[in-house]
Amino acid sequence: MDWTDWYTDTADVFRNEKVTENSLTHMERRKVLSGVACRVYQTKPSGLQMNQTAASITQTDKLACGIEVDIKPGDELVIHRGAKLGYTAPDERYFADTPERYYEPFGAVMPGLAHQEITLLKQERVK
């Protein structure tokens, strides 16, 4: 199996970067990657949580993408589910954990298995 055949989603990656304006430096979230082929899988929702002030949703998912993709812990990912298949669905916003890289085994019978897996955290207030 070639991992690239398995990618059905795309992602835009945002990262906090230093910006200097008028001699002042501050952090600003900027888009660093766009249209990254990926796949979200292994969803672990915790269900809707009700509080006095607002309801919220928290879940962790896994993301697989190419090993060459530069995703760092804390990056914000906006996932477009089914985009590689021509579907349109509401965007999903996640935050990345440390990537786990799986390199191509030497002498692999089935090349194309190199990929990275990233645990994603989704925390949203219910509207």
# chains A, B, ... in the order shown; residues from 1 in each chain; ligands from 1
>>> select_by_dssp(residues="chain A", states="strand (DSSP E or B)", output="PyMOL selection string")
chain A and resi 9-21+24-50+55-65+76-80+92-96+100-102+115-125
>>> residues_around(residues="Lys62 of chain A", least_positions_apart="6", cutoff="12 Å", atoms="only C-alpha atoms", output="JSON list (two decimals) with N, CA, C and O atoms, in the first residue's frame")
[["chain", "number", "residue", "atom", "x", "y", "z"],
["A", 38, "CYS", "N", -3.25, 14.63, 3.44],
["A", 38, "CYS", "CA", -3.21, 13.94, 4.73],
["A", 38, "CYS", "C", -4.48, 13.12, 4.92],
["A", 38, "CYS", "O", -5.35, 13.10, 4.05],
["A", 39, "ARG", "N", -4.57, 12.46, 6.07],
["A", 39, "ARG", "CA", -5.79, 11.73, 6.42],
["A", 39, "ARG", "C", -5.95, 11.75, 7.93],
["A", 39, "ARG", "O", -5.03, 11.42, 8.67],
["A", 40, "VAL", "N", -7.13, 12.15, 8.37],
["A", 40, "VAL", "CA", -7.47, 12.09, 9.80],
["A", 40, "VAL", "C", -8.15, 10.75, 10.03],
["A", 40, "VAL", "O", -9.02, 10.34, 9.28],
["A", 41, "TYR", "N", -7.71, 10.06, 11.08],
["A", 41, "TYR", "CA", -8.28, 8.75, 11.39],
["A", 41, "TYR", "C", -8.21, 8.53, 12.90],
["A", 41, "TYR", "O", -7.64, 9.34, 13.62],
["A", 42, "GLN", "N", -8.76, 7.46, 13.35],
["A", 42, "GLN", "CA", -8.74, 7.05, 14.76],
["A", 42, "GLN", "C", -9.22, 8.16, 15.68],
["A", 42, "GLN", "O", -8.51, 8.65, 16.53],
["A", 43, "THR", "N", -10.47, 8.56, 15.51],
["A", 43, "THR", "CA", -11.07, 9.61, 16.33],
["A", 43, "THR", "C", -11.44, 9.06, 17.71],
["A", 43, "THR", "O", -12.00, 7.98, 17.82],
["A", 44, "LYS", "N", -11.15, 9.84, 18.74],
["A", 44, "LYS", "CA", -11.52, 9.48, 20.11],
["A", 44, "LYS", "C", -12.27, 10.66, 20.73],
["A", 44, "LYS", "O", -11.70, 11.45, 21.48],
["A", 45, "PRO", "N", -13.55, 10.81, 20.42],
["A", 45, "PRO", "CA", -14.30, 11.92, 21.01],
["A", 45, "PRO", "C", -14.60, 11.64, 22.47],
["A", 45, "PRO", "O", -14.79, 10.50, 22.89],
["A", 79, "ILE", "N", -8.20, 21.34, 8.88],
["A", 79, "ILE", "CA", -8.35, 20.16, 8.03],
["A", 79, "ILE", "C", -9.60, 20.30, 7.17],
["A", 79, "ILE", "O", -10.67, 20.65, 7.66],
["A", 94, "TYR", "N", -7.55, 21.87, 14.60],
["A", 94, "TYR", "CA", -6.83, 21.04, 15.55],
["A", 94, "TYR", "C", -5.51, 21.70, 15.92],
["A", 94, "TYR", "O", -5.05, 22.61, 15.25],
["A", 95, "PHE", "N", -4.89, 21.17, 16.98],
["A", 95, "PHE", "CA", -3.54, 21.55, 17.36],
["A", 95, "PHE", "C", -2.68, 20.29, 17.39],
["A", 95, "PHE", "O", -3.11, 19.24, 17.87],
["A", 96, "ALA", "N", -1.45, 20.40, 16.86],
["A", 96, "ALA", "CA", -0.58, 19.25, 16.67],
["A", 96, "ALA", "C", 0.27, 18.95, 17.90],
["A", 96, "ALA", "O", 0.72, 19.85, 18.60],
["A", 97, "ASP", "N", 0.49, 17.65, 18.10],
["A", 97, "ASP", "CA", 1.43, 17.15, 19.10],
["A", 97, "ASP", "C", 2.74, 16.84, 18.37],
["A", 97, "ASP", "O", 2.88, 17.13, 17.18],
["A", 98, "THR", "N", 3.68, 16.20, 19.03],
["A", 98, "THR", "CA", 4.96, 15.85, 18.42],
["A", 98, "THR", "C", 4.78, 14.78, 17.35],
["A", 98, "THR", "O", 4.17, 13.74, 17.63],
["A", 99, "PRO", "N", 5.26, 15.00, 16.13],
["A", 99, "PRO", "CA", 5.13, 14.00, 15.07],
["A", 99, "PRO", "C", 5.96, 12.74, 15.36],
["A", 99, "PRO", "O", 7.06, 12.82, 15.91],
["A", 100, "GLU", "N", 5.41, 11.60, 15.01],
["A", 100, "GLU", "CA", 6.12, 10.32, 15.06],
["A", 100, "GLU", "C", 6.42, 9.94, 13.62],
["A", 100, "GLU", "O", 5.50, 9.74, 12.82],
["A", 116, "GLN", "N", 4.44, 10.12, 8.51],
["A", 116, "GLN", "CA", 4.46, 10.53, 9.90],
["A", 116, "GLN", "C", 3.04, 10.55, 10.44],
["A", 116, "GLN", "O", 2.09, 10.77, 9.69],
["A", 117, "GLU", "N", 2.92, 10.26, 11.72],
["A", 117, "GLU", "CA", 1.63, 10.28, 12.40],
["A", 117, "GLU", "C", 1.69, 11.31, 13.52],
["A", 117, "GLU", "O", 2.67, 11.38, 14.25],
["A", 118, "ILE", "N", 0.63, 12.09, 13.61],
["A", 118, "ILE", "CA", 0.59, 13.19, 14.58],
["A", 118, "ILE", "C", -0.72, 13.10, 15.35],
["A", 118, "ILE", "O", -1.79, 13.00, 14.75],
["A", 119, "THR", "N", -0.63, 13.12, 16.67],
["A", 119, "THR", "CA", -1.82, 13.19, 17.50],
["A", 119, "THR", "C", -2.33, 14.62, 17.47],
["A", 119, "THR", "O", -1.56, 15.57, 17.62],
["A", 120, "LEU", "N", -3.62, 14.77, 17.24],
["A", 120, "LEU", "CA", -4.26, 16.09, 17.14],
["A", 120, "LEU", "C", -5.20, 16.29, 18.31],
["A", 120, "LEU", "O", -5.87, 15.36, 18.74],
["A", 121, "LEU", "N", -5.29, 17.51, 18.79],
["A", 121, "LEU", "CA", -6.23, 17.88, 19.84],
["A", 121, "LEU", "C", -7.22, 18.87, 19.26],
["A", 121, "LEU", "O", -6.84, 19.85, 18.63],
["A", 122, "LYS", "N", -8.50, 18.60, 19.51],
["A", 122, "LYS", "CA", -9.56, 19.51, 19.08],
["A", 122, "LYS", "C", -10.31, 19.97, 20.32],
["A", 122, "LYS", "O", -10.80, 19.13, 21.09]]
>>> atom_distance(atom1="atom CA of Val126 of chain A", atom2="atom CA of Gly47 of chain A")
11.6 Å
>>> select_by_dssp(residues="chain A", states="alpha helix (DSSP H)", output="ChimeraX atom specification")
/A:3-6
>>> write_last_selection(atoms="N, CA, C and O atoms", output="PDB file, in the first residue's frame")
ATOM      1  N   TRP A   3       1.090   5.060   0.951  1.00  0.00           N
ATOM      2  CA  TRP A   3       0.365   5.955   1.851  1.00  0.00           C
ATOM      3  C   TRP A   3      -0.319   7.092   1.113  1.00  0.00           C
ATOM      4  O   TRP A   3      -1.374   7.555   1.512  1.00  0.00           O
ATOM      5  N   THR A   4       0.283   7.571   0.002  1.00  0.00           N
ATOM      6  CA  THR A   4      -0.303   8.712  -0.696  1.00  0.00           C
ATOM      7  C   THR A   4      -1.674   8.371  -1.273  1.00  0.00           C
ATOM      8  O   THR A   4      -2.494   9.256  -1.465  1.00  0.00           O
ATOM      9  N   ASP A   5      -1.933   7.089  -1.552  1.00  0.00           N
ATOM     10  CA  ASP A   5      -3.254   6.679  -2.034  1.00  0.00           C
ATOM     11  C   ASP A   5      -4.301   6.752  -0.921  1.00  0.00           C
ATOM     12  O   ASP A   5      -5.497   6.753  -1.183  1.00  0.00           O
ATOM     13  N   TRP A   6      -3.851   6.762   0.308  1.00  0.00           N
ATOM     14  CA  TRP A   6      -4.738   6.724   1.462  1.00  0.00           C
ATOM     15  C   TRP A   6      -5.178   8.122   1.902  1.00  0.00           C
ATOM     16  O   TRP A   6      -6.148   8.286   2.622  1.00  0.00           O
TER      17      TRP A   6
END
>>> decode(residues="segment 2-124 of chain A", atoms="C-alpha atoms", output="tab-separated table (two decimals), in the first residue's frame")
chain	number	residue	atom	x	y	z
A	2	ASP	CA	1.28	3.45	-0.88
A	3	TRP	CA	0.36	5.96	1.85
A	4	THR	CA	-0.30	8.71	-0.70
A	5	ASP	CA	-3.25	6.68	-2.03
A	6	TRP	CA	-4.74	6.72	1.46
A	7	TYR	CA	-4.74	10.53	1.88
A	8	THR	CA	-8.29	11.85	1.41
A	9	ASP	CA	-8.00	15.17	3.26
A	10	THR	CA	-5.95	18.35	2.95
A	11	ALA	CA	-4.59	20.62	5.68
A	12	ASP	CA	-3.48	24.20	6.09
A	13	VAL	CA	-0.81	24.65	8.77
A	14	PHE	CA	-0.47	27.80	10.89
A	15	ARG	CA	2.45	28.58	13.19
A	16	ASN	CA	3.28	31.34	15.67
A	17	GLU	CA	6.10	33.45	14.26
A	18	LYS	CA	7.91	36.54	15.50
A	19	VAL	CA	6.82	39.75	13.79
A	20	THR	CA	8.55	43.10	14.32
A	21	GLU	CA	6.56	46.27	13.73
A	22	ASN	CA	7.70	49.74	14.80
A	23	SER	CA	10.58	48.26	16.84
A	24	LEU	CA	8.16	46.01	18.75
A	25	THR	CA	8.29	42.23	18.41
A	26	HIS	CA	5.21	40.10	18.96
A	27	MET	CA	4.01	36.62	18.01
A	28	GLU	CA	1.51	36.21	15.18
A	29	ARG	CA	-0.10	33.07	13.82
A	30	ARG	CA	0.73	32.75	10.11
A	31	LYS	CA	-0.01	30.17	7.43
A	32	VAL	CA	3.17	28.21	6.70
A	33	LEU	CA	1.75	25.34	4.58
A	34	SER	CA	-1.34	25.00	2.42
A	35	GLY	CA	-3.10	22.04	0.79
A	36	VAL	CA	-1.03	19.34	2.52
A	37	ALA	CA	-2.30	15.87	1.57
A	38	CYS	CA	-3.21	13.94	4.73
A	39	ARG	CA	-5.79	11.73	6.42
A	40	VAL	CA	-7.47	12.09	9.80
A	41	TYR	CA	-8.28	8.75	11.39
A	42	GLN	CA	-8.74	7.05	14.76
A	43	THR	CA	-11.07	9.61	16.33
A	44	LYS	CA	-11.52	9.48	20.11
A	45	PRO	CA	-14.30	11.92	21.01
A	46	SER	CA	-14.99	12.55	24.67
A	47	GLY	CA	-18.50	13.79	24.03
A	48	LEU	CA	-20.18	17.08	24.68
A	49	GLN	CA	-19.24	18.67	28.00
A	50	MET	CA	-21.78	20.99	29.62
A	51	ASN	CA	-20.66	23.79	31.93
A	52	GLN	CA	-22.42	26.74	33.57
A	53	THR	CA	-20.98	29.19	31.03
A	54	ALA	CA	-20.69	27.18	27.78
A	55	ALA	CA	-20.73	23.73	26.27
A	56	SER	CA	-17.53	22.41	24.72
A	57	ILE	CA	-16.21	19.53	22.66
A	58	THR	CA	-12.79	17.93	23.24
A	59	GLN	CA	-11.41	15.05	21.19
A	60	THR	CA	-8.12	13.59	20.02
A	61	ASP	CA	-7.53	12.24	16.54
A	62	LYS	CA	-4.60	10.94	14.55
A	63	LEU	CA	-3.29	12.44	11.33
A	64	ALA	CA	-1.08	10.72	8.75
A	65	CYS	CA	0.87	12.71	6.15
A	66	GLY	CA	4.11	12.64	4.19
A	67	ILE	CA	7.34	12.47	6.10
A	68	GLU	CA	8.63	15.61	4.36
A	69	VAL	CA	5.83	17.81	5.75
A	70	ASP	CA	7.13	20.26	8.38
A	71	ILE	CA	4.63	20.13	11.24
A	72	LYS	CA	5.78	21.13	14.72
A	73	PRO	CA	4.18	20.68	18.14
A	74	GLY	CA	1.69	23.50	18.80
A	75	ASP	CA	0.95	24.16	15.13
A	76	GLU	CA	-2.68	24.86	14.31
A	77	LEU	CA	-4.08	22.69	11.51
A	78	VAL	CA	-7.25	23.45	9.60
A	79	ILE	CA	-8.35	20.16	8.03
A	80	HIS	CA	-10.55	19.99	4.94
A	81	ARG	CA	-12.10	16.52	5.22
A	82	GLY	CA	-12.58	14.69	1.92
A	83	ALA	CA	-11.06	17.53	-0.11
A	84	LYS	CA	-8.83	15.19	-2.16
A	85	LEU	CA	-11.96	13.29	-3.20
A	86	GLY	CA	-13.90	16.42	-4.17
A	87	TYR	CA	-16.09	16.62	-1.07
A	88	THR	CA	-16.79	19.80	0.85
A	89	ALA	CA	-17.38	19.63	4.57
A	90	PRO	CA	-17.03	22.18	7.36
A	91	ASP	CA	-13.38	22.79	8.23
A	92	GLU	CA	-12.05	21.25	11.43
A	93	ARG	CA	-9.46	22.99	13.61
A	94	TYR	CA	-6.83	21.04	15.55
A	95	PHE	CA	-3.54	21.55	17.36
A	96	ALA	CA	-0.58	19.25	16.67
A	97	ASP	CA	1.43	17.15	19.10
A	98	THR	CA	4.96	15.85	18.42
A	99	PRO	CA	5.13	14.00	15.07
A	100	GLU	CA	6.12	10.32	15.06
A	101	ARG	CA	8.09	9.59	11.88
A	102	TYR	CA	8.10	6.16	10.23
A	103	TYR	CA	10.86	5.91	7.65
A	104	GLU	CA	11.01	3.65	4.60
A	105	PRO	CA	12.42	0.26	5.61
A	106	PHE	CA	15.63	-0.65	3.78
A	107	GLY	CA	14.91	-3.02	0.91
A	108	ALA	CA	11.16	-2.59	1.35
A	109	VAL	CA	9.06	-4.90	-0.79
A	110	MET	CA	6.34	-2.25	-0.98
A	111	PRO	CA	7.95	1.20	-1.24
A	112	GLY	CA	5.96	4.28	-0.29
A	113	LEU	CA	5.33	3.41	3.36
A	114	ALA	CA	7.32	6.30	4.84
A	115	HIS	CA	4.97	8.66	6.67
A	116	GLN	CA	4.46	10.53	9.90
A	117	GLU	CA	1.63	10.28	12.40
A	118	ILE	CA	0.59	13.19	14.58
A	119	THR	CA	-1.82	13.19	17.50
A	120	LEU	CA	-4.26	16.09	17.14
A	121	LEU	CA	-6.23	17.88	19.84
A	122	LYS	CA	-9.56	19.51	19.08
A	123	GLN	CA	-11.12	21.86	21.65
A	124	GLU	CA	-14.09	23.93	20.58
